[in-house]
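Just structure.txt here, compact mmCIF, C-alpha atoms:
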```
# COMPACT_ATOMS: atom_id res chain seq x y z
CA MET A 153 13.61 6.98 21.97
CA THR A 154 10.14 5.64 22.72
CA ASN A 155 10.50 2.74 20.26
CA ARG A 156 11.03 0.26 23.08
CA HIS A 157 9.07 -2.29 25.07
CA LEU A 158 6.89 -1.43 28.03
CA ALA A 159 8.85 -0.76 31.17
CA THR A 160 8.14 -3.31 33.89
CA ASP A 161 6.38 -0.70 36.03
CA GLU A 162 4.45 0.89 33.16
CA ASP A 163 0.92 -0.05 32.14
CA THR A 164 -0.48 0.11 28.62
CA ALA A 165 -2.18 3.47 29.18
CA GLY A 166 1.08 4.95 30.44
CA TYR A 167 2.98 3.59 27.46
CA MET A 168 0.42 5.05 25.05
CA ARG A 169 0.51 8.37 26.86
CA ARG A 170 4.31 8.48 26.56
CA LEU A 171 4.20 7.74 22.83
CA GLY A 172 1.33 10.18 22.32
CA GLU A 173 2.93 13.08 24.15
CA ALA A 174 6.18 12.58 22.25
CA ALA A 175 4.32 12.39 18.93
CA ARG A 176 2.29 15.50 19.67
CA ALA A 177 5.43 17.50 20.49
CA ALA A 178 7.20 16.18 17.39
CA SER A 179 4.22 17.02 15.18
CA VAL A 180 4.67 20.71 15.94
CA GLU A 181 8.29 20.60 14.76
CA VAL A 182 7.56 18.53 11.67
CA ALA A 183 4.63 20.76 10.68
CA ARG A 184 6.96 23.76 10.44
CA ALA A 185 9.92 21.88 8.94
CA SER A 186 11.14 23.08 5.58
CA THR A 187 10.61 21.07 2.43
CA ALA A 188 14.40 20.75 2.12
CA ALA A 189 14.71 19.22 5.59
CA LYS A 190 11.91 16.74 4.97
CA ASN A 191 13.35 15.72 1.61
CA LEU A 192 16.81 15.31 3.13
CA ALA A 193 15.35 12.99 5.76
CA LEU A 194 13.53 10.93 3.13
CA GLN A 195 16.67 10.55 1.03
CA ALA A 196 18.68 9.60 4.11
CA ILE A 197 16.10 7.00 5.17
CA ALA A 198 16.17 5.50 1.67
CA ASP A 199 19.98 5.33 1.79
CA ALA A 200 19.84 3.70 5.23
CA ILE A 201 17.34 1.08 4.06
CA GLU A 202 19.53 0.11 1.12
CA ALA A 203 22.62 -0.05 3.32
CA ALA A 204 20.75 -2.14 5.90
CA ALA A 205 19.37 -4.66 3.39
CA PRO A 206 21.22 -7.63 4.99
CA ALA A 207 20.00 -6.64 8.47
CA LEU A 208 16.43 -6.18 7.20
CA THR A 209 16.52 -9.59 5.53
CA ALA A 210 17.82 -11.20 8.72
CA ALA A 211 15.11 -9.58 10.83
CA ASN A 212 12.46 -10.62 8.33
CA THR A 213 13.76 -14.19 8.34
CA ARG A 214 13.21 -14.27 12.12
CA ASP A 215 9.64 -13.10 11.64
CA LEU A 216 8.95 -15.64 8.89
CA ALA A 217 10.38 -18.46 10.98
CA ALA A 218 7.96 -17.64 13.79
CA ALA A 219 4.95 -17.16 11.49
CA SER A 220 4.21 -20.78 10.65
CA ALA A 221 0.47 -20.26 11.22
CA LEU A 222 0.15 -17.67 8.44
CA ASP A 223 -1.51 -18.71 5.20
CA ALA A 224 0.17 -18.21 1.82
CA ALA A 225 -1.27 -14.71 1.33
CA GLY A 226 -0.14 -13.67 4.81
CA ARG A 227 3.39 -14.98 4.30
CA ASP A 228 3.58 -13.18 0.97
CA ARG A 229 2.61 -9.88 2.61
CA LEU A 230 5.13 -10.47 5.41
CA THR A 231 8.09 -11.33 3.20
CA LEU A 232 10.74 -8.68 2.50
CA THR A 233 12.33 -9.78 -0.75
CA PRO A 234 15.37 -7.92 -2.13
CA THR A 235 13.04 -6.40 -4.72
CA ARG A 236 10.70 -5.10 -2.05
CA ILE A 237 13.55 -3.60 -0.05
CA VAL A 238 14.70 -1.76 -3.17
CA ALA A 239 11.09 -0.69 -3.77
CA MET A 240 10.82 0.74 -0.25
CA ALA A 241 13.83 2.96 -0.87
CA ALA A 242 12.56 3.93 -4.33
CA GLY A 243 9.18 4.87 -2.88
CA LEU A 244 10.80 7.17 -0.34
CA ARG A 245 12.85 8.87 -3.04
CA GLU A 246 9.75 9.32 -5.17
CA VAL A 247 7.94 10.93 -2.22
CA ALA A 248 10.92 13.26 -1.79
CA ALA A 249 10.62 14.25 -5.45
CA LEU A 250 6.93 15.13 -5.12
CA ALA A 251 5.72 18.67 -4.52
CA ASP A 252 5.26 19.50 -0.85
CA PRO A 253 1.55 20.14 -0.28
CA VAL A 254 2.03 21.83 3.10
CA GLY A 255 1.43 25.58 2.99
CA THR A 256 -0.01 25.57 -0.52
CA ILE A 257 -2.62 28.32 -0.91
CA THR A 258 -5.41 27.81 -3.43
CA ASP A 259 -8.61 29.53 -4.58
CA LEU A 260 -7.49 32.96 -3.33
CA THR A 261 -10.35 35.25 -4.30
CA ALA A 262 -10.98 38.95 -3.73
CA ARG A 263 -14.34 39.62 -2.08
CA PRO A 264 -16.45 42.78 -2.49
CA SER A 265 -15.44 43.82 1.03
CA GLY A 266 -11.81 43.98 -0.10
CA ILE A 267 -10.55 40.93 1.80
CA GLN A 268 -8.98 37.99 0.01
CA VAL A 269 -10.27 34.54 0.93
CA GLY A 270 -8.49 31.27 0.14
CA ARG A 271 -7.52 27.89 1.53
CA MET A 272 -4.18 26.63 2.82
CA ARG A 273 -3.16 22.97 2.95
CA VAL A 274 -1.96 21.93 6.42
CA PRO A 275 -0.88 18.69 8.17
CA LEU A 276 -3.40 16.53 10.03
CA GLY A 277 -1.14 16.38 13.11
CA VAL A 278 -0.51 12.88 14.50
CA VAL A 279 -1.48 9.88 12.40
CA GLY A 280 -1.91 6.44 13.95
CA ILE A 281 -1.52 3.42 11.68
CA ILE A 282 -2.46 -0.12 12.72
CA TYR A 283 -1.45 -2.77 10.24
CA GLU A 284 -0.80 -6.48 9.82
CA SER A 285 2.12 -8.29 8.14
CA ARG A 286 3.37 -5.86 5.42
CA PRO A 287 6.60 -4.43 6.92
CA ASN A 288 6.97 -2.19 3.86
CA VAL A 289 4.10 -0.15 5.33
CA THR A 290 6.53 1.01 8.01
CA ALA A 291 8.71 2.78 5.45
CA ASP A 292 5.85 3.95 3.22
CA ALA A 293 3.86 5.40 6.12
CA ALA A 294 6.89 7.06 7.69
CA GLY A 295 7.81 8.73 4.40
CA LEU A 296 4.34 9.94 3.49
CA CYS A 297 3.48 11.21 6.96
CA LEU A 298 6.82 12.99 7.22
CA LYS A 299 6.51 14.73 3.84
CA ALA A 300 2.96 15.79 4.70
CA GLY A 301 4.22 17.37 7.94
CA ASN A 302 2.71 14.83 10.33
CA ALA A 303 4.07 12.74 13.17
CA VAL A 304 3.07 9.05 13.08
CA ILE A 305 2.65 6.19 15.54
CA LEU A 306 2.97 2.81 13.82
CA ARG A 307 1.56 -0.36 15.35
CA GLY A 308 2.48 -3.31 13.16
CA GLY A 309 1.42 -6.89 13.72
CA ALA A 310 3.26 -9.14 16.16
CA GLU A 311 4.28 -11.32 13.23
CA SER A 312 6.36 -8.48 11.71
CA LEU A 313 7.84 -6.94 14.87
CA HIS A 314 11.52 -7.63 14.12
CA SER A 315 11.18 -6.38 10.54
CA ASN A 316 9.39 -3.22 11.64
CA LEU A 317 11.92 -2.40 14.34
CA ALA A 318 14.79 -2.92 11.89
CA ILE A 319 13.17 -0.51 9.42
CA ALA A 320 12.54 1.92 12.29
CA GLN A 321 16.27 2.10 12.95
CA CYS A 322 16.75 3.27 9.35
CA VAL A 323 14.06 5.90 9.86
CA ILE A 324 15.73 7.14 13.06
CA ALA A 325 19.04 7.48 11.23
CA GLY A 326 17.46 9.47 8.42
CA LEU A 327 15.63 11.83 10.76
CA ALA A 328 18.89 12.51 12.60
CA VAL A 329 20.65 13.42 9.34
CA ALA A 330 18.01 16.10 8.69
CA GLY A 331 17.89 17.34 12.27
CA LEU A 332 14.23 16.35 12.66
CA PRO A 333 12.83 14.94 15.92
CA GLU A 334 13.24 11.18 16.24
CA HIS A 335 9.76 10.92 17.77
CA ALA A 336 8.24 12.08 14.49
CA VAL A 337 8.07 8.37 13.63
CA GLN A 338 7.48 5.88 16.44
CA VAL A 339 7.04 2.13 16.10
CA VAL A 340 5.12 0.47 18.92
CA ALA A 341 7.69 -1.97 20.24
CA THR A 342 5.43 -4.27 22.21
CA VAL A 343 3.23 -7.11 21.00
CA ASP A 344 0.71 -6.39 23.77
CA ARG A 345 -2.63 -6.30 21.93
CA ALA A 346 -4.01 -3.88 24.51
CA VAL A 347 -1.97 -1.13 22.83
CA VAL A 348 -4.39 -1.21 19.89
CA GLY A 349 -7.30 -0.40 22.18
CA ALA A 350 -5.27 2.31 23.88
CA MET A 351 -4.49 3.92 20.53
CA LEU A 352 -8.15 3.88 19.50
CA GLN A 353 -9.12 5.59 22.75
CA SER A 354 -6.51 8.37 22.51
CA PRO A 355 -8.00 11.29 20.55
CA ALA A 356 -5.90 13.68 22.64
CA TYR A 357 -2.79 12.30 20.97
CA ILE A 358 -3.92 10.83 17.64
CA ASP A 359 -5.87 12.89 15.09
CA VAL A 360 -6.69 10.15 12.57
CA ILE A 361 -6.37 6.34 12.50
CA VAL A 362 -5.56 4.27 9.41
CA PRO A 363 -6.12 0.50 9.70
CA ARG A 364 -4.47 -1.77 7.14
CA GLY A 365 -5.20 -5.44 7.49
CA GLY A 366 -7.94 -8.04 7.60
CA LYS A 367 -11.65 -7.42 7.86
CA SER A 368 -11.79 -8.13 11.60
CA LEU A 369 -9.11 -5.52 12.33
CA ILE A 370 -10.81 -2.85 10.22
CA GLU A 371 -14.22 -3.60 11.73
CA ARG A 372 -12.76 -3.29 15.24
CA VAL A 373 -11.01 0.00 14.46
CA THR A 374 -14.14 1.43 12.85
CA ARG A 375 -16.23 0.37 15.84
CA GLU A 376 -13.92 1.52 18.66
CA ALA A 377 -11.98 4.51 17.33
CA ARG A 378 -12.70 7.87 18.95
CA MET A 379 -11.06 9.74 16.07
CA PRO A 380 -11.69 9.76 12.28
CA VAL A 381 -10.76 6.57 10.40
CA ILE A 382 -9.37 6.29 6.85
CA LYS A 383 -10.07 2.76 5.67
CA HIS A 384 -11.48 0.25 3.25
CA LEU A 385 -13.20 -2.91 4.46
CA ASP A 386 -13.00 -5.32 1.51
CA GLY A 387 -11.37 -5.52 -1.90
CA VAL A 388 -14.01 -7.27 -4.00
CA CYS A 389 -12.70 -6.08 -7.38
CA HIS A 390 -14.27 -6.77 -10.77
CA VAL A 391 -13.25 -6.88 -14.42
CA PHE A 392 -16.14 -6.63 -16.89
CA ILE A 393 -15.35 -7.81 -20.42
CA ASP A 394 -17.81 -5.97 -22.64
CA ALA A 395 -19.24 -7.23 -25.93
CA ASN A 396 -17.07 -4.66 -27.68
CA ALA A 397 -13.83 -5.73 -26.00
CA ASP A 398 -10.60 -6.37 -27.85
CA ILE A 399 -10.00 -10.08 -27.13
CA SER A 400 -6.23 -9.77 -26.77
CA LYS A 401 -6.61 -6.88 -24.31
CA ALA A 402 -9.27 -8.76 -22.37
CA LEU A 403 -7.07 -11.83 -21.95
CA LYS A 404 -4.11 -9.77 -20.74
CA VAL A 405 -6.06 -7.56 -18.36
CA ALA A 406 -8.21 -10.33 -16.83
CA PHE A 407 -5.23 -12.64 -16.29
CA ASN A 408 -2.94 -9.98 -14.82
CA ALA A 409 -5.66 -8.60 -12.53
CA LYS A 410 -6.01 -12.03 -10.91
CA CYS A 411 -2.62 -13.67 -11.18
CA GLN A 412 0.00 -10.92 -10.82
CA ARG A 413 -0.46 -11.24 -7.02
CA TYR A 414 -3.18 -13.05 -5.13
CA GLY A 415 -3.01 -11.54 -1.65
CA THR A 416 -3.64 -7.85 -2.37
CA CYS A 417 -6.78 -5.78 -1.98
CA ASN A 418 -6.73 -4.70 -5.65
CA THR A 419 -6.66 -8.26 -7.02
CA LEU A 420 -9.53 -9.37 -9.26
CA GLU A 421 -12.04 -11.55 -7.38
CA THR A 422 -15.03 -11.69 -9.77
CA LEU A 423 -14.80 -11.75 -13.56
CA LEU A 424 -17.89 -10.51 -15.41
CA VAL A 425 -18.29 -11.28 -19.12
CA HIS A 426 -20.88 -10.15 -21.67
CA GLU A 427 -22.75 -13.16 -23.05
CA ALA A 428 -22.09 -12.08 -26.66
CA ILE A 429 -18.34 -12.59 -26.21
CA ALA A 430 -18.24 -15.29 -23.53
CA ALA A 431 -17.70 -18.22 -25.91
CA GLN A 432 -14.69 -16.45 -27.44
CA VAL A 433 -12.97 -15.13 -24.36
CA LEU A 434 -13.69 -17.60 -21.56
CA PRO A 435 -12.18 -20.86 -22.90
CA PRO A 436 -8.69 -19.38 -23.46
CA LEU A 437 -8.93 -17.48 -20.15
CA PHE A 438 -9.93 -20.64 -18.29
CA ALA A 439 -6.91 -22.42 -19.78
CA GLN A 440 -4.58 -19.63 -18.61
CA TYR A 441 -6.09 -19.59 -15.13
CA ARG A 442 -5.84 -23.35 -14.74
CA ALA A 443 -2.23 -23.31 -15.88
CA ALA A 444 -1.60 -20.80 -13.06
CA GLY A 445 -3.38 -23.00 -10.52
CA VAL A 446 -6.50 -20.84 -10.13
CA GLU A 447 -9.69 -22.53 -8.93
CA LEU A 448 -12.70 -21.38 -10.98
CA ARG A 449 -16.25 -20.99 -9.67
CA GLY A 450 -18.83 -20.18 -12.29
CA CYS A 451 -22.43 -19.18 -12.91
CA PRO A 452 -24.71 -21.61 -14.86
CA ILE A 453 -23.77 -20.11 -18.25
CA SER A 454 -20.02 -20.27 -17.61
CA CYS A 455 -20.43 -23.82 -16.27
CA ARG A 456 -22.16 -24.81 -19.50
CA LEU A 457 -19.19 -23.43 -21.44
CA ASP A 458 -16.88 -25.50 -19.22
CA PRO A 459 -18.60 -28.23 -17.16
CA SER A 460 -15.44 -28.76 -15.09
CA LEU A 461 -16.05 -25.46 -13.25
CA THR A 462 -17.30 -25.55 -9.68
CA ALA A 463 -20.79 -24.07 -9.47
CA ALA A 464 -20.67 -20.69 -7.74
CA ILE A 465 -22.94 -19.97 -4.79
CA GLU A 466 -24.30 -16.60 -3.66
CA ASP A 467 -21.45 -16.08 -1.19
CA ASP A 468 -18.88 -16.30 -4.01
CA TRP A 469 -20.06 -12.99 -5.47
CA TYR A 470 -19.32 -11.28 -2.15
CA ALA A 471 -16.00 -13.05 -1.56
CA GLU A 472 -12.59 -11.42 -1.24
CA TYR A 473 -10.58 -14.61 -1.67
CA LEU A 474 -7.03 -13.22 -1.46
CA ALA A 475 -6.13 -16.59 -2.95
CA PRO A 476 -5.98 -18.35 -6.36
CA ILE A 477 -9.78 -18.59 -6.58
CA LEU A 478 -11.93 -16.68 -9.07
CA ALA A 479 -15.69 -16.30 -9.45
CA VAL A 480 -16.95 -15.97 -13.05
CA ARG A 481 -20.36 -14.67 -14.16
CA VAL A 482 -21.79 -14.18 -17.64
CA LEU A 483 -24.24 -11.27 -17.98
CA GLY A 484 -26.54 -9.92 -20.66
CA ASP A 485 -25.39 -6.31 -20.93
CA LEU A 486 -23.57 -3.38 -19.37
CA ASP A 487 -26.55 -2.51 -17.16
CA GLN A 488 -26.43 -5.95 -15.56
CA ALA A 489 -22.68 -5.64 -14.99
CA ILE A 490 -23.06 -2.26 -13.26
CA ALA A 491 -25.94 -3.65 -11.18
CA HIS A 492 -23.84 -6.66 -10.14
CA ILE A 493 -20.97 -4.42 -9.04
CA ARG A 494 -23.38 -2.17 -7.15
CA GLN A 495 -24.86 -5.14 -5.28
CA TYR A 496 -21.77 -7.24 -4.58
CA GLY A 497 -18.78 -4.89 -4.89
CA SER A 498 -16.89 -3.15 -2.11
CA GLN A 499 -16.33 0.21 -3.88
CA HIS A 500 -12.62 -0.50 -4.20
CA THR A 501 -11.53 -1.01 -7.84
CA ASP A 502 -13.43 -2.08 -10.95
CA THR A 503 -12.45 -2.25 -14.63
CA ILE A 504 -14.22 -2.45 -17.97
CA VAL A 505 -12.52 -3.88 -21.05
CA THR A 506 -14.16 -2.33 -24.10
CA GLU A 507 -13.52 -0.47 -27.34
CA ASN A 508 -16.91 1.27 -27.06
CA TYR A 509 -16.36 4.84 -25.89
CA SER A 510 -19.93 5.33 -24.69
CA HIS A 511 -19.80 2.13 -22.64
CA ALA A 512 -16.47 3.16 -21.15
CA MET A 513 -17.80 6.58 -20.13
CA ARG A 514 -20.96 5.06 -18.64
CA PHE A 515 -18.86 2.63 -16.61
CA LEU A 516 -16.62 5.45 -15.35
CA ARG A 517 -19.61 7.58 -14.34
CA GLU A 518 -21.93 4.95 -12.91
CA VAL A 519 -19.64 2.53 -11.06
CA ASP A 520 -19.37 4.02 -7.57
CA SER A 521 -15.88 2.81 -6.60
CA SER A 522 -12.80 4.63 -5.40
CA SER A 523 -10.91 3.59 -8.57
CA VAL A 524 -12.68 2.90 -11.87
CA MET A 525 -10.65 1.87 -14.91
CA VAL A 526 -10.91 1.26 -18.65
CA ASN A 527 -8.75 -1.38 -20.34
CA ALA A 528 -6.33 -1.65 -17.41
CA SER A 529 -5.64 -4.20 -14.69
CA THR A 530 -7.11 -3.57 -11.25
CA ARG A 531 -3.58 -4.13 -9.90
CA PHE A 532 -2.78 -0.53 -10.88
CA ALA A 533 -4.91 0.77 -7.96
CA ASP A 534 -1.86 1.62 -5.91
CA GLY A 535 -0.25 4.80 -4.65
CA PHE A 536 3.09 4.13 -6.32
CA GLU A 537 1.43 3.39 -9.68
CA TYR A 538 -0.72 6.54 -9.35
CA GLY A 539 2.36 8.71 -8.89
CA LEU A 540 1.82 9.26 -5.16
CA GLY A 541 5.23 7.79 -4.30
CA ALA A 542 3.54 5.30 -2.00
CA GLU A 543 0.25 5.11 -0.16
CA ILE A 544 -0.88 5.17 3.43
CA GLY A 545 -3.76 2.91 2.46
CA ILE A 546 -6.85 2.74 0.28
CA SER A 547 -9.98 4.61 1.27
CA THR A 548 -13.43 3.60 0.05
CA ASP A 549 -15.05 6.35 2.11
CA LYS A 550 -16.47 9.37 0.31
CA PHE A 551 -15.28 12.11 2.65
CA HIS A 552 -11.80 13.63 2.96
CA ALA A 553 -9.85 10.99 1.01
CA ARG A 554 -10.88 8.35 -1.53
CA GLY A 555 -8.83 5.70 -3.30
CA PRO A 556 -5.07 5.44 -2.67
CA VAL A 557 -4.22 7.94 0.06
CA GLY A 558 -1.02 9.87 -0.55
CA LEU A 559 0.27 13.26 0.53
CA GLU A 560 -2.91 15.27 -0.04
CA GLY A 561 -4.93 12.67 1.86
CA LEU A 562 -2.64 13.21 4.84
CA THR A 563 -3.35 16.93 4.89
CA SER A 564 -6.41 19.08 5.35
CA GLN A 565 -7.34 22.59 4.30
CA LYS A 566 -8.11 25.61 6.43
CA TRP A 567 -9.61 28.89 5.34
CA ILE A 568 -7.32 31.91 5.32
CA VAL A 569 -8.26 35.57 5.00
CA LEU A 570 -5.86 38.33 3.89
CA GLY A 571 -6.79 41.90 4.73
CA ASP A 572 -5.25 45.32 5.24
CA GLY A 573 -7.06 46.65 8.27
CA HIS A 574 -10.43 45.61 6.86
CA ILE A 575 -13.41 45.63 9.22
CA ARG A 576 -16.91 44.31 8.66
CA THR A 577 -19.71 46.89 8.43
```
Could you express the structure from this file as structure tokens?
Amino acid sequence: MTNRHLATDEDTAGYMRRLGEAARAASVEVARASTAAKNLALQAIADAIEAAAPALTAANTRDLAAASALDAAGRDRLTLTPTRIVAMAAGLREVAALADPVGTITDLTARPSGIQVGRMRVPLGVVGIIYESRPNVTADAAGLCLKAGNAVILRGGAESLHSNLAIAQCVIAGLAVAGLPEHAVQVVATVDRAVVGAMLQSPAYIDVIVPRGGKSLIERVTREARMPVIKHLDGVCHVFIDANADISKALKVAFNAKCQRYGTCNTLETLLVHEAIAAQVLPPLFAQYRAAGVELRGCPISCRLDPSLTAAIEDDWYAEYLAPILAVRVLGDLDQAIAHIRQYGSQHTDTIVTENYSHAMRFLREVDSSSVMVNASTRFADGFEYGLGAEIGISTDKFHARGPVGLEGLTSQKWIVLGDGHIRT
């Protein structure tokens, strides 16, 4: 298998070429694999992950011990808890239960000439994924790419190498059970950073790149990649509490969106509140946030409501903290809230809390983000929660895939024509 370190006489380009050639050959086999074979592999990988839980925990402990420089958010993303191991297996089984998009024919229409024209959903080919920390991405990406008929090359961060390689062994075992090529899923087994550059410069082997990690990684991939990129840059997510909000709903949604987990891209970073309801909703919310250890940075109006707040500066409205810090701004109406999100947001996930139907519909239509919600926590912007089984990442782009990217986002469509000896006159 190619999931091994560079040979002593092999340079980075040669290593990438070896992985790429193996992935390209495997992609042909996976693209024509039956749904039954792919589902069998996914079930077998899930079983192997559950059986290997002690080994996965041990590998992850090695990674955590060596990752002393990581901040709290980074360590949280790196950690494989028993719950997360169970969730990896559950995600694979959910992907297996989903309809197979490959080969689906839609929009078949008879034309005046007598031909039938439609579109068929097909795999992308070879997907490259570059990610930091999050070892669960190894299982999620393997499962989604496999079900969508793609081969995948996974380059995790150096900090998660042992965890990723341990999960890769489970993937290899599952592929073998189904008789699928082991090179359908390859984990880059070297920490040599030059491999990232080699992947980005390999359009002959990789059809699309998905970066998952910090802003610097995504900026580099976007700048250097010679193939299409599926990505989001920031997760500056908002909750707007409208004048017509139900107070109890507002308290629950705004607290959960920030405090359920701090280090994720769908975590609330700026809370917006209508001035008509600010005096009712902010004091109890501030008390809840403080009890959870959240630092609050407020606009002049919110600081007048609670003088103990730190005064927010312009940079706070742009900030993706990924930490227990929250910016708070009081605004005059829905128009101002939408304008704030348009100026400072990252087109990731934004929520309105309101009982006013017209306001809810305006927010859904006018907020230009990949996920827009009404009366729900931003933390729901996730492939598993959306019924995708898992996600390959979040896309804030407007072409091909947007929002959590699941099976359909890992396929494309080609035109097909059905005739019976038809010729054009």
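As for CA of Gln268 (chain A) and CA of Thr256 (chain A), they are spaced 15.3 Å apart.
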**Complete:** Of A:Arg271, A:His390, A:Lys404, A:Arg184, the one sitting nearest Ile493 (chain A) when using only C-alpha atoms is A:His390
**Request:** Fewer than 2 positions away in the same chain doesn't count, so skip those; otherwise give me all residues within 12 Å of Ala320 (chain A), counting all atoms listed in the file, as a ChimeraX atom specification.
**Result:** /A:153-156,197-198,200-201,204,207-208,211,287-295,304-308,313-318,322-327,334-341
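Compared by their closest atoms to Thr213 (chain A), and using all atoms listed in the file, the residues A:Leu230, A:Ala443, A:Ile257, A:Val391 rank with A:Leu230 nearest.
We find CA of Ala464 (chain A) and CA of Asp228 (chain A) to be spaced 26.8 Å apart.
Closest approach to Thr416 (chain A) from the set A:Arg517, A:Arg456, A:Arg229, A:Arg372 is made by A:Arg229, with distances taken over all atoms listed in the file.
Using all atoms listed in the file, the nearest neighbour of Ala328 (chain A) within the list A:Arg576, A:Arg236, A:Lys190, A:Arg375 is A:Lys190.
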